[in-house]
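Below is one structure, written out as structure tokens; comments come after it.
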Protein chains: 2
Amino acid sequence: MKIAVDVMSGERAPDVLIAGALESLKETEADLILVGDKAIITDALTHYAYDINRVEVVHSKEVITMKESPTVAIKSKPDASVLVCARLVKNGVADGFVSPGNTGATFAAAFMNLGRLKGVSRPAILGTFPTKSNRYTAVLDAGANPECKPINLVQFAVMGSIYASKVWGIKDPKIAILSNGTEESKGTELTRKAYHILKKLPLNFIGYTEGRNIFDNSVDVAICDGFTGNILLKAVEGVGLTVYKILKNEIKKSIIFKGLSLLMMKVFNELKRKVDYAEYGGAPLLGLKGLCVVTHGNSTSKEIKNGIKVGVDFIKNNVNKKIIEELKKFGVSKLNWLHWERHHRV
Amino acid sequence: MKIAVDVMSGERAPDVLIAGALESLKETEADLILVGDKAIITDALTHYAYDINRVEVVHSKEVITMKESPTVAIKSKPDASVLVCARLVKNGVADGFVSPGNTGATFAAAFMNLGRLKGVSRPAILGTFPTKSNRYTAVLDAGANPECKPINLVQFAVMGSIYASKVWGIKDPKIAILSNGTEESKGTELTRKAYHILKKLPLNFIGYTEGRNIFDNSVDVAICDGFTGNILLKAVEGVGLTVYKILKNEIKKSIIFKGLSLLMMKVFNELKRKVDYAEYGGAPLLGLKGLCVVTHGNSTSKEIKNGIKVGVDFIKNNVNKKIIEELKKFGVSKLNWLHWERHHRV
């Protein structure tokens, strides 16, 4: 198995990213293709001891920055590292790619080059939230599709269930639709239609769930349109940071604790570890031919390593094959959607 | 000015609520009507020193509990305390009411009895988030209208701007639409239509804002449909609680800090104060003839007191009169919406 890694994008390129990628060699069986400026990467590699048979370098002269418009950059920089990565997957040279770059550009590169899996109407981003007891909750779609139809939510549920079961090893993952209340009468026309279909499918569909429940382990995969998912994801980031800052200030103000600040750091770091995206890797895109994982723009070496591990687990467990099979088996692939609409009054 | 207070609803009724209500007498000019079981309230009142000329008691024999279905309870318990409160406002006996009860039932009681302000298409709930620097951000609608049309978002913006300016004293409040990115091309059909109209109105409309920005003071009023707002509000509650619990556990685990737990409580309490809903009162409903403020079901006396203060500021500053005037002046009242649709291709 080969994973292409875009080591030129994001805020800490390339050294931190190269270090993280090499770290993954010890923890997964995947070989790596590091994509970016060949001279810089080759030079950086001389500082590490690693199995040279497992690492290739593919040259790319351009980089799409975090600030660029994805649509403009994708066109004006055809040789950007992220596009080279996507083409390596498209051409079968790599099995998947990981990028810590501009999220929009990464997904555009993946969409354009890889295309959709058979039967998938819209690929979606799987966002991950840490919960109280060291588990995760997936939120799907975390931003790829601002406007959705019932078929999209239904397919997100099927794909998310497969992901949680195959990659996270959860037996019968609990699937729910995010809504403004748990009663079946709540939600919007969109969520009610998806609800109606999901309760008929052989999934562990538990109905509606509320915003607060994505942190209490009552649900494994929360389904929503990408508009809601994106606002939610960013708000949660924002509030975590705000609580952290308030607490830090309070502690600074407290004279008794001033002297203990070093010890306090230990507690804070433990907290950060728990709420840290780096802990559980990046966000995969579900529904693509191939695999793309996007990690934070300011990814640490740990996040890159974990992003690669997510990719390896995804490929090793044949998630894509299972998605095609189940969409077909459940009768909710794009191809037989018309049948659903006719027979179930969606 | 008279405020009716539903002291029988919520999880801490009635003693804590009565204490909070009486506390408000010292901080506002409003007189109170305490609604609930007359014998119980009269007995509780004997334990306090207060100006008896400023407090009346109105009897109500029933209570709608937190677990009841709002629609069912409203019909089956016509004399429930929250309905008695709403009728006191409807009949002009009180100027507004505050309830810490079942949110759905409270709003249903208010909608049914008070009705909409002239020109208002849909009343909305104004949710409030604390930000880093001791300020607030309003999110409107926080849950009353799961499905919205452009006119609704536009009216929420006008009402929210008036509220932030009149009640919070913010000059030219910054108004934004919550979206999945800040570029004008982002959002959904709904948000883009509302965007198009809002940029033509004499408001300080700053465009789209993202989930994380509701905590950084870059926006004063964030506009969204009630589905998104409700999920957002509950997720933020959930994550705050989660971070708090993780931190508490980490500190418990740290032996060095075990002995310092009492001192640590001081820091924690300060944190809680900052993120606490009780600090800034409840959520008012904008767009009603009259006033309704709903506070948390587990409201403390402080939250009740602050809920009353929010209501007093609302009434004192003629928010409702201003809403009618501005909707008309801006040409976005329900009555001239057809004109907008025809002339601006909404």
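Starting from 1 in every chain, residues are counted up; chains themselves are A, B, ... following the order of the structure tokens, and ligands are numbered from 1 as listed.
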Reference chain B, mobile chain A, all Cα atoms fitted, written as a compact mmCIF listing (two decimals) with C-alpha atoms, in the first residue's frame:
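Contents of the output file superposed_38.txt:
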# COMPACT_ATOMS: atom_id res chain seq x y z
CA MET A 1 -44.06 48.45 34.73
CA LYS A 2 -45.12 44.95 35.76
CA ILE A 3 -43.40 41.64 35.05
CA ALA A 4 -45.19 38.32 35.62
CA VAL A 5 -42.90 35.56 36.86
CA ASP A 6 -43.76 31.88 36.53
CA VAL A 7 -42.36 30.71 39.88
CA MET A 8 -43.83 27.18 39.68
CA SER A 9 -42.01 25.89 36.60
CA GLY A 10 -38.49 24.57 36.10
CA GLU A 11 -36.40 22.37 38.31
CA ARG A 12 -35.95 24.64 41.31
CA ALA A 13 -39.48 25.93 41.79
CA PRO A 14 -40.65 27.71 43.78
CA ASP A 15 -38.23 28.89 46.52
CA VAL A 16 -35.15 29.66 44.42
CA LEU A 17 -37.29 31.42 41.82
CA ILE A 18 -39.14 33.53 44.39
CA ALA A 19 -35.81 34.54 45.94
CA GLY A 20 -34.46 35.57 42.52
CA ALA A 21 -37.60 37.52 41.67
CA LEU A 22 -37.50 39.45 44.95
CA GLU A 23 -33.82 40.17 44.38
CA SER A 24 -34.74 41.95 41.14
CA LEU A 25 -36.80 44.51 43.10
CA LYS A 26 -33.54 46.04 44.32
CA GLU A 27 -32.11 46.37 40.82
CA THR A 28 -35.03 47.37 38.60
CA GLU A 29 -38.07 49.61 38.86
CA ALA A 30 -40.46 46.84 37.76
CA ASP A 31 -43.17 45.52 40.06
CA LEU A 32 -43.80 41.78 40.07
CA ILE A 33 -46.70 39.38 39.72
CA LEU A 34 -45.67 35.98 41.04
CA VAL A 35 -47.74 33.25 39.37
CA GLY A 36 -48.31 29.82 40.92
CA ASP A 37 -49.90 28.10 43.89
CA LYS A 38 -51.02 31.02 46.04
CA ALA A 39 -50.72 29.25 49.40
CA ILE A 40 -47.18 28.06 48.72
CA ILE A 41 -46.01 31.42 47.37
CA THR A 42 -47.60 33.42 50.20
CA ASP A 43 -45.96 31.15 52.73
CA ALA A 44 -42.55 31.43 51.04
CA LEU A 45 -42.84 35.22 50.92
CA THR A 46 -43.05 35.41 54.73
CA HIS A 47 -39.35 34.51 54.84
CA TYR A 48 -38.25 37.63 53.01
CA ALA A 49 -38.22 41.35 53.68
CA TYR A 50 -39.47 43.24 50.61
CA ASP A 51 -41.78 46.07 49.56
CA ILE A 52 -45.19 44.39 49.65
CA ASN A 53 -46.65 47.14 47.47
CA ARG A 54 -44.49 45.93 44.58
CA VAL A 55 -45.41 42.23 44.64
CA GLU A 56 -48.74 40.60 43.81
CA VAL A 57 -49.53 36.91 43.71
CA VAL A 58 -51.81 35.40 41.06
CA HIS A 59 -53.02 31.88 41.64
CA SER A 60 -52.49 29.04 39.19
CA LYS A 61 -53.19 25.47 40.16
CA GLU A 62 -51.30 23.61 37.44
CA VAL A 63 -47.72 23.36 36.19
CA ILE A 64 -46.32 22.11 32.88
CA THR A 65 -43.28 19.98 33.65
CA MET A 66 -40.01 19.90 31.72
CA LYS A 67 -40.80 16.46 30.30
CA GLU A 68 -44.27 17.11 28.93
CA SER A 69 -44.98 17.55 25.22
CA PRO A 70 -45.58 21.30 24.79
CA THR A 71 -48.48 20.89 22.35
CA VAL A 72 -50.28 18.31 24.50
CA ALA A 73 -49.67 20.12 27.80
CA ILE A 74 -50.81 23.51 26.52
CA LYS A 75 -54.18 22.00 25.66
CA SER A 76 -54.64 19.70 28.65
CA LYS A 77 -53.60 22.24 31.30
CA PRO A 78 -55.27 25.55 30.43
CA ASP A 79 -54.59 26.91 33.91
CA ALA A 80 -50.88 26.09 33.97
CA SER A 81 -48.72 28.85 35.48
CA VAL A 82 -47.02 29.63 32.17
CA LEU A 83 -50.38 30.11 30.42
CA VAL A 84 -51.65 32.30 33.24
CA CYS A 85 -48.50 34.44 32.81
CA ALA A 86 -49.06 34.77 29.07
CA ARG A 87 -52.70 35.77 29.59
CA LEU A 88 -51.70 38.43 32.12
CA VAL A 89 -49.59 40.00 29.37
CA LYS A 90 -52.27 39.53 26.73
CA ASN A 91 -54.83 41.27 28.95
CA GLY A 92 -52.53 44.17 29.71
CA VAL A 93 -52.18 43.33 33.40
CA ALA A 94 -48.46 42.63 32.99
CA ASP A 95 -46.02 44.09 30.45
CA GLY A 96 -44.07 40.87 30.00
CA PHE A 97 -43.38 37.49 31.57
CA VAL A 98 -40.41 35.37 32.56
CA SER A 99 -40.51 31.58 32.85
CA PRO A 100 -37.81 29.00 33.63
CA GLY A 101 -40.00 26.20 32.34
CA ASN A 102 -40.35 23.88 29.40
CA THR A 103 -39.06 26.05 26.53
CA GLY A 104 -41.49 24.69 23.95
CA ALA A 105 -44.50 25.21 26.22
CA THR A 106 -43.36 28.71 27.18
CA PHE A 107 -43.02 29.79 23.58
CA ALA A 108 -46.26 28.11 22.56
CA ALA A 109 -48.02 29.96 25.40
CA ALA A 110 -46.47 33.24 24.27
CA PHE A 111 -47.20 32.72 20.56
CA MET A 112 -50.80 31.70 21.13
CA ASN A 113 -51.66 34.44 23.57
CA LEU A 114 -49.60 37.44 22.53
CA GLY A 115 -49.54 37.16 18.75
CA ARG A 116 -47.08 38.80 16.37
CA LEU A 117 -46.06 42.43 16.19
CA LYS A 118 -47.41 44.30 13.17
CA GLY A 119 -45.30 43.47 10.11
CA VAL A 120 -43.43 40.56 11.74
CA SER A 121 -43.53 37.36 9.72
CA ARG A 122 -42.08 35.01 12.36
CA PRO A 123 -41.01 35.73 15.95
CA ALA A 124 -37.59 34.29 16.87
CA ILE A 125 -35.61 33.27 19.93
CA LEU A 126 -32.54 35.34 20.72
CA GLY A 127 -29.85 33.07 22.18
CA THR A 128 -26.82 34.64 23.84
CA PHE A 129 -23.21 33.46 23.90
CA PRO A 130 -20.49 34.85 26.14
CA THR A 131 -17.30 35.89 24.36
CA LYS A 132 -13.70 36.09 25.50
CA SER A 133 -13.80 39.69 26.64
CA ASN A 134 -16.94 39.75 28.77
CA ARG A 135 -19.20 40.68 25.90
CA TYR A 136 -22.04 38.80 24.28
CA THR A 137 -22.99 37.59 20.83
CA ALA A 138 -26.64 37.04 19.97
CA VAL A 139 -27.68 34.10 17.80
CA LEU A 140 -31.08 34.61 16.20
CA ASP A 141 -33.11 32.40 15.61
CA ALA A 142 -32.01 29.98 18.32
CA GLY A 143 -34.79 27.49 17.61
CA ALA A 144 -38.30 28.84 17.05
CA ASN A 145 -38.34 28.43 13.24
CA PRO A 146 -36.62 25.30 11.89
CA GLU A 147 -37.42 26.29 8.30
CA CYS A 148 -37.05 29.88 7.18
CA LYS A 149 -37.54 32.07 4.13
CA PRO A 150 -35.34 35.05 3.21
CA ILE A 151 -37.84 37.48 4.74
CA ASN A 152 -37.47 35.70 8.07
CA LEU A 153 -33.67 36.02 8.16
CA VAL A 154 -33.92 39.66 7.08
CA GLN A 155 -36.41 40.44 9.84
CA PHE A 156 -34.29 38.57 12.41
CA ALA A 157 -31.41 40.86 11.43
CA VAL A 158 -33.50 44.01 11.89
CA MET A 159 -34.92 42.82 15.23
CA GLY A 160 -31.54 41.61 16.50
CA SER A 161 -29.88 44.89 15.59
CA ILE A 162 -32.51 46.87 17.52
CA TYR A 163 -32.17 44.53 20.52
CA ALA A 164 -28.36 44.75 20.65
CA SER A 165 -28.49 48.50 20.33
CA LYS A 166 -31.37 49.21 22.76
CA VAL A 167 -30.88 46.49 25.40
CA TRP A 168 -27.11 45.95 25.25
CA GLY A 169 -26.29 49.56 24.37
CA ILE A 170 -24.07 48.64 21.41
CA LYS A 171 -23.73 51.44 18.86
CA ASP A 172 -24.26 50.17 15.29
CA PRO A 173 -24.26 46.47 16.20
CA LYS A 174 -22.39 44.27 13.72
CA ILE A 175 -24.89 41.95 12.02
CA ALA A 176 -23.81 38.86 10.08
CA ILE A 177 -25.36 35.73 8.61
CA LEU A 178 -23.95 32.46 9.93
CA SER A 179 -22.49 30.50 7.04
CA ASN A 180 -20.01 27.86 5.96
CA GLY A 181 -17.44 30.45 4.89
CA THR A 182 -17.12 34.20 4.64
CA GLU A 183 -17.08 34.66 0.85
CA GLU A 184 -20.30 36.01 -0.65
CA SER A 185 -20.54 32.90 -2.84
CA LYS A 186 -20.83 30.60 0.20
CA GLY A 187 -24.01 29.59 2.01
CA THR A 188 -27.29 28.24 0.70
CA GLU A 189 -29.97 29.67 -1.56
CA LEU A 190 -31.70 30.94 1.59
CA THR A 191 -28.67 32.75 3.02
CA ARG A 192 -27.63 34.19 -0.34
CA LYS A 193 -31.06 35.73 -0.88
CA ALA A 194 -31.07 37.21 2.63
CA TYR A 195 -27.50 38.46 2.08
CA HIS A 196 -28.55 40.19 -1.13
CA ILE A 197 -31.31 42.09 0.68
CA LEU A 198 -29.43 42.83 3.90
CA LYS A 199 -26.57 44.57 2.15
CA LYS A 200 -29.07 47.13 0.84
CA LEU A 201 -30.55 47.96 4.24
CA PRO A 202 -29.27 50.71 6.57
CA LEU A 203 -27.87 48.14 9.03
CA ASN A 204 -24.25 47.50 9.97
CA PHE A 205 -24.37 44.26 7.96
CA ILE A 206 -20.89 42.76 7.70
CA GLY A 207 -21.74 39.75 5.51
CA TYR A 208 -21.19 36.10 6.39
CA THR A 209 -19.61 34.89 9.61
CA GLU A 210 -18.44 31.43 10.65
CA GLY A 211 -19.22 29.31 13.72
CA ARG A 212 -16.02 30.21 15.52
CA ASN A 213 -16.67 33.95 15.21
CA ILE A 214 -19.56 33.94 17.63
CA PHE A 215 -16.93 33.87 20.40
CA ASP A 216 -14.43 36.46 19.20
CA ASN A 217 -16.46 39.72 19.25
CA SER A 218 -16.18 40.14 15.49
CA VAL A 219 -19.99 40.03 15.30
CA ASP A 220 -22.75 41.19 17.68
CA VAL A 221 -25.76 39.44 16.14
CA ALA A 222 -25.42 36.22 14.11
CA ILE A 223 -28.47 35.38 11.99
CA CYS A 224 -29.54 31.84 11.07
CA ASP A 225 -32.57 29.58 10.69
CA GLY A 226 -33.83 28.01 13.92
CA PHE A 227 -32.68 24.51 12.93
CA THR A 228 -29.04 25.58 12.64
CA GLY A 229 -29.32 27.88 15.67
CA ASN A 230 -30.71 25.19 17.91
CA ILE A 231 -28.07 22.61 16.95
CA LEU A 232 -25.36 25.23 17.44
CA LEU A 233 -26.64 26.37 20.84
CA LYS A 234 -26.87 22.84 22.16
CA ALA A 235 -23.47 21.82 20.77
CA VAL A 236 -21.81 24.78 22.45
CA GLU A 237 -23.46 23.85 25.75
CA GLY A 238 -22.23 20.30 25.26
CA VAL A 239 -18.63 21.14 24.46
CA GLY A 240 -18.30 23.64 27.32
CA LEU A 241 -19.46 20.98 29.73
CA THR A 242 -17.14 18.40 28.17
CA VAL A 243 -14.02 20.58 28.45
CA TYR A 244 -14.96 21.38 32.04
CA LYS A 245 -15.37 17.71 32.92
CA ILE A 246 -12.13 16.65 31.21
CA LEU A 247 -10.24 19.35 33.08
CA LYS A 248 -11.80 18.39 36.39
CA ASN A 249 -10.77 14.77 35.88
CA GLU A 250 -7.25 15.71 34.91
CA ILE A 251 -6.92 17.77 38.04
CA LYS A 252 -8.27 14.98 40.18
CA LYS A 253 -5.67 12.65 38.70
CA SER A 254 -2.84 15.04 39.45
CA ILE A 255 -1.71 14.27 43.00
CA ILE A 256 0.01 17.60 43.47
CA PHE A 257 -3.23 19.39 42.84
CA LYS A 258 -5.35 17.15 44.98
CA GLY A 259 -4.45 19.05 48.10
CA LEU A 260 -5.09 22.32 46.42
CA SER A 261 -8.59 21.46 45.32
CA LEU A 262 -10.21 24.14 47.46
CA LEU A 263 -8.12 26.85 45.85
CA MET A 264 -8.78 25.31 42.50
CA MET A 265 -12.50 25.73 43.07
CA LYS A 266 -12.03 29.48 43.05
CA VAL A 267 -10.56 29.35 39.56
CA PHE A 268 -13.26 26.99 38.35
CA ASN A 269 -16.04 29.11 39.73
CA GLU A 270 -14.67 32.14 37.97
CA LEU A 271 -14.62 30.14 34.74
CA LYS A 272 -18.16 28.96 35.29
CA ARG A 273 -19.32 32.50 35.92
CA LYS A 274 -17.95 33.54 32.54
CA VAL A 275 -19.59 30.79 30.56
CA ASP A 276 -22.72 30.74 32.67
CA TYR A 277 -26.09 31.49 31.17
CA ALA A 278 -27.20 32.81 34.57
CA GLU A 279 -24.88 35.78 34.12
CA TYR A 280 -26.74 37.31 31.24
CA GLY A 281 -30.35 36.28 31.81
CA GLY A 282 -32.51 34.25 29.55
CA ALA A 283 -33.52 34.17 25.94
CA PRO A 284 -36.13 36.72 24.87
CA LEU A 285 -38.56 36.10 22.05
CA LEU A 286 -38.42 38.90 19.48
CA GLY A 287 -41.39 39.87 17.34
CA LEU A 288 -44.23 39.30 19.82
CA LYS A 289 -46.86 41.76 21.03
CA GLY A 290 -45.61 41.94 24.58
CA LEU A 291 -42.57 40.22 25.98
CA CYS A 292 -41.55 36.70 26.97
CA VAL A 293 -38.17 35.66 28.37
CA VAL A 294 -37.41 31.98 28.86
CA THR A 295 -34.60 31.04 31.26
CA HIS A 296 -32.96 27.65 31.81
CA GLY A 297 -35.08 24.91 33.33
CA ASN A 298 -32.57 24.65 36.16
CA SER A 299 -32.41 28.41 36.65
CA THR A 300 -30.78 29.74 39.79
CA SER A 301 -32.13 32.78 41.62
CA LYS A 302 -29.52 34.83 39.78
CA GLU A 303 -30.75 33.70 36.40
CA ILE A 304 -34.34 34.57 37.29
CA LYS A 305 -33.22 37.97 38.50
CA ASN A 306 -31.25 38.56 35.31
CA GLY A 307 -34.12 37.29 33.16
CA ILE A 308 -36.36 39.91 34.78
CA LYS A 309 -33.73 42.58 34.17
CA VAL A 310 -33.54 41.63 30.48
CA GLY A 311 -37.33 41.98 30.31
CA VAL A 312 -37.27 45.37 32.01
CA ASP A 313 -34.59 46.72 29.67
CA PHE A 314 -36.55 45.41 26.71
CA ILE A 315 -39.75 47.20 27.74
CA LYS A 316 -38.07 50.37 29.02
CA ASN A 317 -36.29 50.84 25.69
CA ASN A 318 -39.41 50.37 23.56
CA VAL A 319 -37.86 47.57 21.53
CA ASN A 320 -41.21 46.48 20.11
CA LYS A 321 -42.19 49.95 18.93
CA LYS A 322 -38.83 50.32 17.22
CA ILE A 323 -39.20 46.91 15.51
CA ILE A 324 -42.54 47.90 13.97
CA GLU A 325 -41.10 51.25 12.85
CA GLU A 326 -37.90 49.93 11.31
CA LEU A 327 -39.44 46.98 9.48
CA LYS A 328 -41.81 49.48 7.87
CA LYS A 329 -39.14 52.10 7.21
CA PHE A 330 -36.74 49.57 5.65
CA GLY A 331 -39.53 48.15 3.49
CA VAL A 332 -39.11 44.64 4.91
CA SER A 333 -42.27 44.25 6.93
CA LYS A 334 -44.42 41.26 6.09
CA LEU A 335 -46.84 43.64 4.42
CA ASN A 336 -44.44 45.01 1.82
CA TRP A 337 -42.51 41.79 1.23
CA LEU A 338 -44.30 41.14 -2.04
CA HIS A 339 -42.90 44.41 -3.29
CA TRP A 340 -39.36 43.29 -2.40
CA GLU A 341 -39.81 40.00 -4.12
CA ARG A 342 -41.03 41.67 -7.27
CA HIS A 343 -38.47 44.43 -7.43
CA HIS A 344 -35.37 42.74 -6.15
CA ARG A 345 -35.73 39.25 -7.63
CA VAL A 346 -35.55 37.53 -4.27
**Report entry** Those of segment 53-198 of chain B in DSSP strand (DSSP E or B), formatted as a list of chain:residue names
**Finding:** B:Val55, B:Glu56, B:Val57, B:Val58, B:His59, B:Glu62, B:Ala80, B:Gly96, B:Phe97, B:Val98, B:Ser99, B:Arg116, B:Ala124, B:Ile125, B:Leu126, B:Gly127, B:Thr128, B:Phe129, B:Pro130, B:Tyr136, B:Thr137, B:Ala138, B:Val139, B:Leu140, B:Ile175, B:Ala176, B:Ile177, B:Leu178
Requested in this report: Identify all residues of segment 38-206 of chain A in helix (DSSP H, G or I) (DSSP on the backbone) and supply them as number ranges by chain.
Outcome: A: 38-45, 52-54, 70-76, 81-90, 103-114, 150-166, 189-198
